[in-house]
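With PDB, C-alpha atoms and all ligand atoms inside, this is protein_12.pdb:
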ATOM      1  CA  MET A   4     -40.839 -37.675 -88.760
ATOM      2  CA  PRO A   5     -38.984 -40.160 -90.943
ATOM      3  CA  LEU A   6     -35.232 -40.225 -90.800
ATOM      4  CA  ASP A   7     -33.095 -41.243 -93.747
ATOM      5  CA  LEU A   8     -30.130 -41.914 -91.553
ATOM      6  CA  ALA A   9     -29.444 -42.937 -87.994
ATOM      7  CA  PHE A  10     -26.391 -43.792 -85.969
ATOM      8  CA  SER A  11     -26.157 -47.486 -85.225
ATOM      9  CA  ILE A  12     -24.677 -48.121 -81.816
ATOM     10  CA  GLU A  13     -23.874 -51.695 -82.682
ATOM     11  CA  ALA A  14     -22.324 -51.011 -86.077
ATOM     12  CA  ASN A  15     -20.751 -47.814 -84.753
ATOM     13  CA  ASP A  16     -21.620 -46.071 -87.977
ATOM     14  CA  PHE A  17     -24.266 -44.008 -89.696
ATOM     15  CA  VAL A  18     -26.604 -46.214 -91.631
ATOM     16  CA  ASP A  19     -29.693 -45.853 -93.753
ATOM     17  CA  PRO A  20     -32.592 -48.286 -93.335
ATOM     18  CA  ASP A  21     -31.388 -50.517 -96.177
ATOM     19  CA  ARG A  22     -27.970 -50.875 -94.668
ATOM     20  CA  ALA A  23     -29.436 -51.387 -91.216
ATOM     21  CA  TYR A  24     -31.506 -54.193 -92.653
ATOM     22  CA  ASP A  25     -28.427 -55.838 -94.179
ATOM     23  CA  LEU A  26     -26.480 -55.465 -90.965
ATOM     24  CA  TYR A  27     -29.334 -56.894 -88.964
ATOM     25  CA  TRP A  28     -29.419 -60.017 -91.085
ATOM     26  CA  SER A  29     -25.624 -60.198 -90.968
ATOM     27  CA  ARG A  30     -26.017 -60.160 -87.190
ATOM     28  CA  VAL A  31     -23.920 -57.035 -86.827
ATOM     29  CA  ILE A  32     -27.016 -55.341 -85.492
ATOM     30  CA  THR A  33     -29.075 -57.380 -83.062
ATOM     31  CA  SER A  34     -31.517 -54.817 -81.739
ATOM     32  CA  LYS A  35     -34.016 -52.760 -83.672
ATOM     33  CA  LYS A  36     -33.715 -50.116 -81.007
ATOM     34  CA  ALA A  37     -29.943 -49.694 -80.929
ATOM     35  CA  PHE A  38     -29.943 -46.513 -82.964
ATOM     36  CA  ILE A  39     -29.690 -42.879 -82.054
ATOM     37  CA  CYS A  40     -30.438 -39.644 -83.810
ATOM     38  CA  PRO A  41     -27.631 -38.649 -86.183
ATOM     39  CA  GLY A  42     -27.880 -35.028 -85.132
ATOM     40  CA  ALA A  43     -24.947 -33.359 -83.423
ATOM     41  CA  ASP A  44     -24.999 -33.766 -79.645
ATOM     42  CA  CYS A  45     -28.340 -35.495 -79.845
ATOM     43  CA  SER A  46     -29.010 -38.874 -78.348
ATOM     44  CA  ALA A  47     -32.672 -39.255 -79.123
ATOM     45  CA  GLN A  48     -33.418 -42.936 -79.377
ATOM     46  CA  VAL A  49     -34.295 -44.226 -82.804
ATOM     47  CA  THR A  50     -35.830 -47.537 -83.726
ATOM     48  CA  CYS A  51     -35.812 -49.162 -87.107
ATOM     49  CA  ALA A  52     -39.219 -50.537 -87.930
ATOM     50  CA  ASN A  53     -39.513 -53.776 -89.911
ATOM     51  CA  LEU A  54     -35.869 -54.639 -89.411
ATOM     52  CA  ASP A  55     -36.771 -58.190 -88.457
ATOM     53  CA  LYS A  56     -39.323 -58.733 -91.188
ATOM     54  CA  ASP A  57     -38.585 -60.954 -94.113
ATOM     55  CA  VAL A  58     -38.503 -58.813 -97.204
ATOM     56  CA  GLN A  59     -41.024 -61.130 -98.897
ATOM     57  CA  ASN A  60     -43.642 -60.504 -96.240
ATOM     58  CA  MET A  61     -42.946 -56.859 -95.830
ATOM     59  CA  LYS A  62     -45.715 -54.419 -96.523
ATOM     60  CA  VAL A  63     -43.724 -51.407 -95.444
ATOM     61  CA  VAL A  64     -40.014 -51.044 -96.089
ATOM     62  CA  PRO A  65     -37.691 -50.653 -93.093
ATOM     63  CA  HIS A  66     -37.605 -47.121 -91.826
ATOM     64  CA  PHE A  67     -36.319 -45.213 -88.850
ATOM     65  CA  ARG A  68     -38.581 -43.762 -86.256
ATOM     66  CA  VAL A  69     -37.484 -41.359 -83.574
ATOM     67  CA  ILE A  70     -38.688 -42.457 -80.154
ATOM     68  CA  GLY A  71     -36.941 -40.026 -77.857
ATOM     69  CA  ALA A  72     -36.918 -36.267 -77.810
ATOM     70  CA  HIS A  73     -34.301 -34.403 -79.784
ATOM     71  CA  SER A  74     -31.817 -32.338 -77.850
ATOM     72  CA  GLU A  75     -31.911 -28.595 -78.173
ATOM     73  CA  GLY A  76     -28.753 -28.547 -80.216
ATOM     74  CA  CYS A  77     -29.942 -31.246 -82.574
ATOM     75  CA  GLY A  78     -29.450 -30.126 -86.141
ATOM     76  CA  ILE A  79     -32.172 -32.339 -87.561
ATOM     77  CA  PRO A  80     -34.931 -30.060 -88.739
ATOM     78  CA  GLU A  81     -38.419 -31.441 -88.503
ATOM     79  CA  GLU A  82     -39.708 -32.784 -91.789
ATOM     80  CA  ALA A  83     -36.570 -31.857 -93.700
ATOM     81  CA  PRO A  84     -34.919 -34.606 -95.711
ATOM     82  CA  PHE A  85     -31.812 -35.483 -93.796
ATOM     83  CA  LYS A  86     -29.769 -36.452 -96.822
ATOM     84  CA  GLU A  87     -29.481 -32.821 -97.779
ATOM     85  CA  VAL A  88     -28.088 -31.875 -94.407
ATOM     86  CA  ILE A  89     -25.218 -34.318 -94.167
ATOM     87  CA  GLU A  90     -23.747 -36.466 -96.888
ATOM     88  CA  PRO A  91     -21.875 -39.288 -95.220
ATOM     89  CA  ALA A  92     -18.864 -40.775 -96.888
ATOM     90  CA  ALA A  93     -20.451 -43.270 -99.222
ATOM     91  CA  PRO A  94     -19.169 -46.726 -98.371
ATOM     92  CA  GLU A  95     -20.483 -47.969-101.684
ATOM     93  CA  SER A  96     -18.125 -45.928-103.816
ATOM     94  CA  ARG A  97     -15.554 -48.585-104.291
ATOM     95  CA  GLU A  98     -14.361 -47.682-107.761
ATOM     96  CA  ARG A  99     -11.223 -45.650-107.646
ATOM     97  CA  GLN A 100     -10.536 -42.575-109.620
ATOM     98  CA  THR A 101      -7.450 -43.203-111.646
ATOM     99  CA  VAL A 102      -6.210 -40.345-113.706
TER     100      VAL A 102
HETATM  101 ZN    ZN B 201     -31.965 -35.336 -82.786
END

Encoded form using structure tokens:
Amino acid sequence: MPLDLAFSIEANDFVDPDRAYDLYWSRVITSKKAFICPGADCSAQVTCANLDKDVQNMKVVPHFRVIGAHSEGCGIPEEAPFKEVIEPAAPESRERQTV
């Protein structure tokens, strides 16, 4: 089951695979396995595949893979696209709304 988002223990934030990749190469994230399921009260371990691959040599883009078992209260439905469940505050939206 692919995840669009995971909680990075090292960055202490929710990240998508692209951001995880950036953070890995910025040395904020040092372990591919230091992620957990973004679901509420769930600590299923998540790994980010291809995080350490150079983008030139990459056949598959970085993506999250759940290793552990989800907790019973985990709100992540199987197969459902996670982006539609929770929209995190977009860190990219830097432009300010001036009226
Ligand atoms: Zn979970």

Q: To verify the selection step, state as a count of residues only which residues the PyMOL selection byres (((chain A and resi 33) around 12) and not hetatm) yields on this input.
A: 23

Q. For ligand ZN 201 (chain B), which residue out of A:Arg68, A:Asp19, A:Phe10, A:Cys40 is the nearest one, using only C-alpha atoms and all ligand atoms?
A. A:Cys40

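Taking all atoms listed in the file into account, every polymer residue with at least one atom at most 6 Å away from ligand ZN 201 (chain B) is listed here: Cys40, Gly42, Cys45, Ala47, His73, Ser74, Cys77 and Ile79 of chain A.
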
Q. Of the candidates A:Asp16, A:Ala52, A:Pro41, A:Leu8, which one gets nearest to Gly76 in chain A if we count all atoms listed in the file?
A. A:Pro41

Q. Hey, can you check how far CA of Val49 in chain A sits from CA of Ala72 in chain A?
A. 9.8 Å

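The interatomic distance for the pair CA of Gly78 in chain A and CA of Ala43 in chain A works out to 6.2 Å.
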
(Q) For this structure, which residues satisfy the selection - the PyMOL selection byres (((chain A and resi 64) around 9) and not hetatm) - when it is evaluated on the file as given? I want them as a ChimeraX atom specification. (A) /A:20-21,52-54,58,61-63,65-66

Q. What is the distance between CA of Asn60 in chain A and CA of Gln48 in chain A, in Å to one decimal?
A. 26.4 Å
